[in-house]
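What follows is run_28.cif (mmCIF, C-alpha atoms).
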```cif
data_structure
loop_
_atom_site.group_PDB
_atom_site.id
_atom_site.type_symbol
_atom_site.label_atom_id
_atom_site.label_comp_id
_atom_site.auth_asym_id
_atom_site.auth_seq_id
_atom_site.Cartn_x
_atom_site.Cartn_y
_atom_site.Cartn_z
ATOM 1 C CA MET P 1 69.083 111.663 98.425
ATOM 2 C CA ILE P 2 67.194 113.854 95.965
ATOM 3 C CA ARG P 3 63.976 112.731 94.363
ATOM 4 C CA LEU P 4 61.019 114.062 92.442
ATOM 5 C CA ARG P 5 57.619 112.827 93.576
ATOM 6 C CA LYS P 6 54.158 113.444 92.184
ATOM 7 C CA LEU P 7 52.021 116.154 93.722
ATOM 8 C CA LYS P 8 49.574 115.258 96.453
ATOM 9 C CA SER P 9 46.651 117.317 97.693
ATOM 10 C CA GLU P 10 48.585 117.916 100.937
ATOM 11 C CA ASP P 11 51.190 119.889 98.945
ATOM 12 C CA LYS P 12 48.780 122.671 98.017
ATOM 13 C CA ASN P 13 49.415 124.989 100.963
ATOM 14 C CA ASN P 14 53.193 124.633 100.839
ATOM 15 C CA ILE P 15 53.273 125.405 97.131
ATOM 16 C CA LEU P 16 51.174 128.548 97.616
ATOM 17 C CA LYS P 17 53.543 129.652 100.382
ATOM 18 C CA TRP P 18 56.529 129.017 98.085
ATOM 19 C CA ARG P 19 54.961 130.784 95.096
ATOM 20 C CA ASN P 20 54.247 133.872 97.193
ATOM 21 C CA SER P 21 57.606 133.973 98.951
ATOM 22 C CA PRO P 22 59.778 136.894 97.798
ATOM 23 C CA GLU P 23 62.680 134.465 97.284
ATOM 24 C CA ILE P 24 60.741 132.544 94.591
ATOM 25 C CA ALA P 25 58.341 135.216 93.319
ATOM 26 C CA LYS P 26 61.156 137.506 92.182
ATOM 27 C CA PHE P 27 61.911 135.063 89.335
ATOM 28 C CA MET P 28 58.297 134.273 88.329
ATOM 29 C CA TYR P 29 56.239 136.024 85.683
ATOM 30 C CA THR P 30 53.452 136.409 88.233
ATOM 31 C CA ASP P 31 53.989 139.806 89.800
ATOM 32 C CA HIS P 32 51.294 139.857 92.452
ATOM 33 C CA ASN P 33 50.471 137.935 95.592
ATOM 34 C CA ILE P 34 48.697 134.799 94.358
ATOM 35 C CA THR P 35 45.305 134.406 96.006
ATOM 36 C CA GLU P 36 44.022 131.121 97.399
ATOM 37 C CA SER P 37 41.375 131.088 94.668
ATOM 38 C CA GLU P 38 43.944 131.554 91.875
ATOM 39 C CA HIS P 39 46.165 128.921 93.411
ATOM 40 C CA GLU P 40 43.277 126.475 93.789
ATOM 41 C CA LYS P 41 42.551 126.664 90.043
ATOM 42 C CA TRP P 42 46.223 126.243 89.162
ATOM 43 C CA PHE P 43 46.662 123.347 91.595
ATOM 44 C CA GLU P 44 43.604 121.448 90.331
ATOM 45 C CA LYS P 45 45.094 121.443 86.821
ATOM 46 C CA ALA P 46 48.570 120.567 88.070
ATOM 47 C CA VAL P 47 47.396 117.557 90.092
ATOM 48 C CA VAL P 48 45.540 116.010 87.175
ATOM 49 C CA GLU P 49 48.444 116.810 84.863
ATOM 50 C CA GLU P 50 46.059 118.635 82.564
ATOM 51 C CA ASN P 51 48.678 121.063 81.297
ATOM 52 C CA GLY P 52 51.900 119.206 82.057
ATOM 53 C CA TYR P 53 53.657 117.303 84.794
ATOM 54 C CA TYR P 54 54.492 118.588 88.264
ATOM 55 C CA TRP P 55 56.640 117.106 91.013
ATOM 56 C CA ILE P 56 57.723 118.045 94.501
ATOM 57 C CA VAL P 57 61.498 118.156 94.877
ATOM 58 C CA GLU P 58 62.592 116.315 98.014
ATOM 59 C CA TYR P 59 66.060 116.274 99.539
ATOM 60 C CA LYS P 60 66.756 113.888 102.411
ATOM 61 C CA GLY P 61 63.006 113.474 102.834
ATOM 62 C CA LYS P 62 62.310 117.213 103.096
ATOM 63 C CA GLU P 63 60.237 119.140 100.587
ATOM 64 C CA MET P 64 62.468 121.619 98.793
ATOM 65 C CA GLY P 65 60.494 122.949 95.838
ATOM 66 C CA LEU P 66 58.564 122.278 92.663
ATOM 67 C CA ALA P 67 59.619 120.975 89.234
ATOM 68 C CA SER P 68 57.536 120.948 86.075
ATOM 69 C CA ILE P 69 57.286 120.049 82.423
ATOM 70 C CA THR P 70 54.691 122.138 80.613
ATOM 71 C CA ASN P 71 53.679 123.360 77.156
ATOM 72 C CA ILE P 72 54.036 119.839 75.788
ATOM 73 C CA ASP P 73 53.663 120.028 72.015
ATOM 74 C CA SER P 74 53.510 116.503 70.573
ATOM 75 C CA LEU P 75 53.134 117.813 67.020
ATOM 76 C CA ASN P 76 56.298 119.925 67.092
ATOM 77 C CA LEU P 77 58.070 117.624 69.584
ATOM 78 C CA ARG P 78 58.964 120.225 72.183
ATOM 79 C CA CYS P 79 58.178 121.174 75.764
ATOM 80 C CA SER P 80 59.180 123.586 78.489
ATOM 81 C CA THR P 81 60.732 122.870 81.877
ATOM 82 C CA GLY P 82 60.925 124.834 85.066
ATOM 83 C CA PHE P 83 61.646 124.443 88.736
ATOM 84 C CA TYR P 84 62.279 126.383 91.901
ATOM 85 C CA LEU P 85 63.866 125.456 95.186
ATOM 86 C CA TYR P 86 62.535 127.061 98.314
ATOM 87 C CA LYS P 87 65.497 126.409 100.611
ATOM 88 C CA PRO P 88 68.379 128.651 99.450
ATOM 89 C CA ARG P 89 71.110 126.786 101.371
ATOM 90 C CA ALA P 90 70.395 123.568 99.501
ATOM 91 C CA ARG P 91 70.332 124.929 95.960
ATOM 92 C CA LYS P 92 73.904 124.083 94.983
ATOM 93 C CA GLY P 93 73.883 120.839 93.029
ATOM 94 C CA ILE P 94 70.223 120.095 93.689
ATOM 95 C CA GLY P 95 69.088 122.454 90.938
ATOM 96 C CA THR P 96 71.438 120.819 88.451
ATOM 97 C CA PHE P 97 70.087 117.396 89.437
ATOM 98 C CA VAL P 98 66.462 118.542 89.083
ATOM 99 C CA LYS P 99 67.038 120.044 85.625
ATOM 100 C CA TYR P 100 68.998 116.914 84.618
ATOM 101 C CA LYS P 101 66.050 114.685 85.635
ATOM 102 C CA LEU P 102 63.579 116.913 83.786
ATOM 103 C CA LEU P 103 65.665 116.907 80.601
ATOM 104 C CA LYS P 104 66.223 113.171 80.773
ATOM 105 C CA TRP P 105 62.481 112.573 81.228
ATOM 106 C CA CYS P 106 61.566 114.920 78.378
ATOM 107 C CA PHE P 107 63.879 113.220 75.907
ATOM 108 C CA SER P 108 63.373 109.607 76.999
ATOM 109 C CA GLU P 109 59.698 109.518 78.057
ATOM 110 C CA LEU P 110 58.065 112.310 76.071
ATOM 111 C CA LYS P 111 60.291 111.677 73.044
ATOM 112 C CA VAL P 112 60.606 115.379 72.267
ATOM 113 C CA GLU P 113 63.339 116.830 70.082
ATOM 114 C CA LYS P 114 63.631 120.135 71.940
ATOM 115 C CA VAL P 115 63.332 121.357 75.528
ATOM 116 C CA TYR P 116 63.227 125.058 76.313
ATOM 117 C CA SER P 117 62.817 127.504 79.163
ATOM 118 C CA GLU P 118 62.494 131.260 79.670
ATOM 119 C CA HIS P 119 64.193 133.309 82.359
ATOM 120 C CA PHE P 120 64.550 136.925 83.371
ATOM 121 C CA VAL P 121 68.054 138.078 82.428
ATOM 122 C CA PHE P 122 68.733 138.977 86.047
ATOM 123 C CA ASN P 123 68.364 135.288 87.026
ATOM 124 C CA GLU P 124 72.021 134.570 86.359
ATOM 125 C CA ALA P 125 72.123 131.401 88.486
ATOM 126 C CA ILE P 126 69.573 129.543 86.336
ATOM 127 C CA ILE P 127 71.090 130.843 83.104
ATOM 128 C CA ASN P 128 74.494 129.506 84.211
ATOM 129 C CA LEU P 129 72.941 126.202 85.291
ATOM 130 C CA ASN P 130 71.237 125.825 81.911
ATOM 131 C CA GLU P 131 74.492 126.521 80.090
ATOM 132 C CA ARG P 132 76.255 123.885 82.231
ATOM 133 C CA LEU P 133 73.623 121.381 81.073
ATOM 134 C CA GLY P 134 74.097 122.317 77.427
ATOM 135 C CA LEU P 135 71.192 124.678 76.811
ATOM 136 C CA LYS P 136 71.919 127.520 74.441
ATOM 137 C CA GLN P 137 70.414 130.952 74.218
ATOM 138 C CA GLU P 138 68.070 131.036 71.235
ATOM 139 C CA GLY P 139 66.332 134.288 71.930
ATOM 140 C CA TYR P 140 66.618 137.510 73.826
ATOM 141 C CA PHE P 141 63.317 139.283 74.323
ATOM 142 C CA ARG P 142 63.753 142.928 75.214
ATOM 143 C CA LYS P 143 61.241 144.445 77.641
ATOM 144 C CA HIS P 144 59.263 141.215 77.445
ATOM 145 C CA ALA P 145 57.561 140.835 80.821
ATOM 146 C CA LEU P 146 56.362 143.243 83.468
ATOM 147 C CA LYS P 147 58.109 142.680 86.797
ATOM 148 C CA ASN P 148 58.056 145.145 89.684
ATOM 149 C CA ASN P 149 56.291 147.715 87.485
ATOM 150 C CA GLU P 150 59.108 147.612 84.949
ATOM 151 C CA LEU P 151 59.363 145.721 81.667
ATOM 152 C CA GLN P 152 62.208 143.219 81.958
ATOM 153 C CA ASP P 153 64.318 141.388 79.385
ATOM 154 C CA VAL P 154 63.892 137.618 79.085
ATOM 155 C CA VAL P 155 66.265 134.964 77.760
ATOM 156 C CA TYR P 156 64.914 131.960 75.847
ATOM 157 C CA MET P 157 67.172 128.907 76.172
ATOM 158 C CA ALA P 158 66.874 125.465 74.608
ATOM 159 C CA ILE P 159 68.595 122.166 74.001
ATOM 160 C CA LEU P 160 68.027 119.677 71.203
ATOM 161 C CA LYS P 161 67.931 115.912 71.751
ATOM 162 C CA ASN P 162 71.211 115.283 69.905
ATOM 163 C CA GLU P 163 72.931 118.014 71.960
ATOM 164 C CA TRP P 164 71.623 116.407 75.149
ATOM 165 C CA GLU P 165 72.904 113.002 74.079
ATOM 166 C CA GLU P 166 76.334 114.504 73.382
ATOM 167 C CA ASN P 167 76.395 116.265 76.778
ATOM 168 C CA ILE P 168 74.755 113.783 79.162
ATOM 169 C CA GLU P 169 77.969 112.026 80.242
ATOM 170 C CA LYS P 170 79.573 115.342 81.164
ATOM 171 C CA VAL P 171 76.508 116.308 83.209
ATOM 172 C CA GLU P 172 76.411 112.962 84.992
ATOM 173 C CA GLU P 173 80.125 113.258 85.785
ATOM 174 C CA TYR P 174 79.522 116.759 87.196
ATOM 175 C CA LEU P 175 76.732 115.454 89.442
ATOM 176 C CA GLU P 176 78.806 112.502 90.608
ATOM 177 C CA ASN P 177 81.685 114.861 91.459
ATOM 178 C CA LYS P 178 79.215 116.848 93.588
ATOM 179 C CA GLY P 179 78.368 113.615 95.423
ATOM 180 C CA ILE P 180 74.867 113.444 93.968
ATOM 181 C CA GLN P 181 73.512 110.003 93.123
ATOM 182 C CA ILE P 182 71.757 109.856 89.797
#
```

Show how you would write the structure in this file as structure tokens.
Amino acid sequence: MIRLRKLKSEDKNNILKWRNSPEIAKFMYTDHNITESEHEKWFEKAVVEENGYYWIVEYKGKEMGLASITNIDSLNLRCSTGFYLYKPRARKGIGTFVKYKLLKWCFSELKVEKVYSEHFVFNEAIINLNERLGLKQEGYFRKHALKNNELQDVVYMAILKNEWEENIEKVEEYLENKGIQI
């Protein structure tokens, strides 16, 4: 069973370990080892949901990663989503479920009209996952973010509420075929 649960103070050390792991860090905009002090400031905001919503991804009772909804803009009815999974073996299907839950929450609870995300172009797995869920590329930013001392291209992807509503049955069928309970 996969679930998203709210952050607890006990999650702080695990999240720092995940954020600094090469497996996760290679896809993040942060390009340095995150210090405990930096992480403490970030975590304090995340726990009180000051700049968005954050959840721990659990699979069969084990902590697998972090999911978030940030940059909530209630005037323009849009927000951003993101997630990472720390355990590589368990990524297949779980990532699709996590993004599905985030999108569903954004459209049903936050009542936004648009959900977007940004990814390095070399992160083909998340780009493919987003396309499977109905997100479309809206922007391609050349040499947009410094990563490993080199400016990298970034893809901006988004989905509108009506597109989500048209696609949700197909996504749910995909998850059910993977044996994932929604």

Can you translate the PyMOL selection byres ((chain P and resi 17) around 12) into the concrete residues it hits in this file, as a VMD selection string? chain P and resid 11 to 16 18 to 25 33 to 36 39 65 to 66 86

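The interatomic distance for the pair atom CA of Tyr59 of chain P and atom CA of Lys8 of chain P works out to 16.8 Å.
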
With only C-alpha atoms as the counted atoms, please give the residues lying no more than 8 Å from segment 75-82 of chain P, apart from itself and same-chain residues fewer than 3 positions off, as number ranges by chain. P: 67-72, 99, 102-103, 106, 111-117

With the file shown as input, list the residues that the PyMOL selection byres ((chain P and resi 172) around 12) selects, as a list in words.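 For this structure, the PyMOL selection byres ((chain P and resi 172) around 12) resolves to Gly93, Thr96, Phe97, Lys99, Tyr100, Lys101, Lys104, Arg132, Leu133, Trp164, Glu165, Glu166, Asn167, Ile168, Glu169, Lys170, Val171, Glu173, Tyr174, Leu175, Glu176, Asn177, Lys178, Gly179, Ile180, Gln181 and Ile182 of chain P.
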
Using Å and a single decimal, report how far atom CA of Gln152 of chain P sits from atom CA of Ile94 of chain P.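 Rounded to one decimal, the two atoms are 27.1 Å apart.
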
For atom CA of Asn123 of chain P and atom CA of Tyr29 of chain P, quote the distance in Å rounded to one decimal.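 Taking atom CA of Asn123 of chain P as the start and atom CA of Tyr29 of chain P as the end point, the length is 12.2 Å.
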
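By chain and then residue number, the residues within 12 Å of Glu150 of chain P are P:Tyr29, P:Asp31, P:Arg142, P:Lys143, P:His144, P:Ala145, counting all atoms listed in the file and disregarding those fewer than 5 positions away in sequence.
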
Looking at P:Ser37, P:Met1, P:Gly95, P:Phe83, which one is nearest to Tyr54 of chain P, with distances taken over only C-alpha atoms? P:Phe83

The residues within 12 Å of (62.6, 138.6, 73.7), using only C-alpha atoms and the coordinates of the file, should be reported as an mmCIF file with C-alpha atoms, in the coordinates of the input; which are they?
```
data_model
loop_
_atom_site.group_PDB
_atom_site.id
_atom_site.type_symbol
_atom_site.label_atom_id
_atom_site.label_comp_id
_atom_site.auth_asym_id
_atom_site.auth_seq_id
_atom_site.Cartn_x
_atom_site.Cartn_y
_atom_site.Cartn_z
ATOM 1 C CA GLU P 118 62.494 131.260 79.670
ATOM 2 C CA HIS P 119 64.193 133.309 82.359
ATOM 3 C CA PHE P 120 64.550 136.925 83.371
ATOM 4 C CA VAL P 121 68.054 138.078 82.428
ATOM 5 C CA GLN P 137 70.414 130.952 74.218
ATOM 6 C CA GLU P 138 68.070 131.036 71.235
ATOM 7 C CA GLY P 139 66.332 134.288 71.930
ATOM 8 C CA TYR P 140 66.618 137.510 73.826
ATOM 9 C CA PHE P 141 63.317 139.283 74.323
ATOM 10 C CA ARG P 142 63.753 142.928 75.214
ATOM 11 C CA LYS P 143 61.241 144.445 77.641
ATOM 12 C CA HIS P 144 59.263 141.215 77.445
ATOM 13 C CA ALA P 145 57.561 140.835 80.821
ATOM 14 C CA LEU P 151 59.363 145.721 81.667
ATOM 15 C CA GLN P 152 62.208 143.219 81.958
ATOM 16 C CA ASP P 153 64.318 141.388 79.385
ATOM 17 C CA VAL P 154 63.892 137.618 79.085
ATOM 18 C CA VAL P 155 66.265 134.964 77.760
ATOM 19 C CA TYR P 156 64.914 131.960 75.847
ATOM 20 C CA MET P 157 67.172 128.907 76.172
#
```

For the PyMOL selection byres ((chain P and resi 3) around 9), applied here, can you spell out every residue it catches as a PyMOL selection string? chain P and resi 1-2+4-5+56-61+98

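When all atoms listed in the file are used to compute distances to Lys62 of chain P, the closest of the residues P:Lys87, P:Lys136, P:Lys147, P:Lys6 turns out to be P:Lys87.
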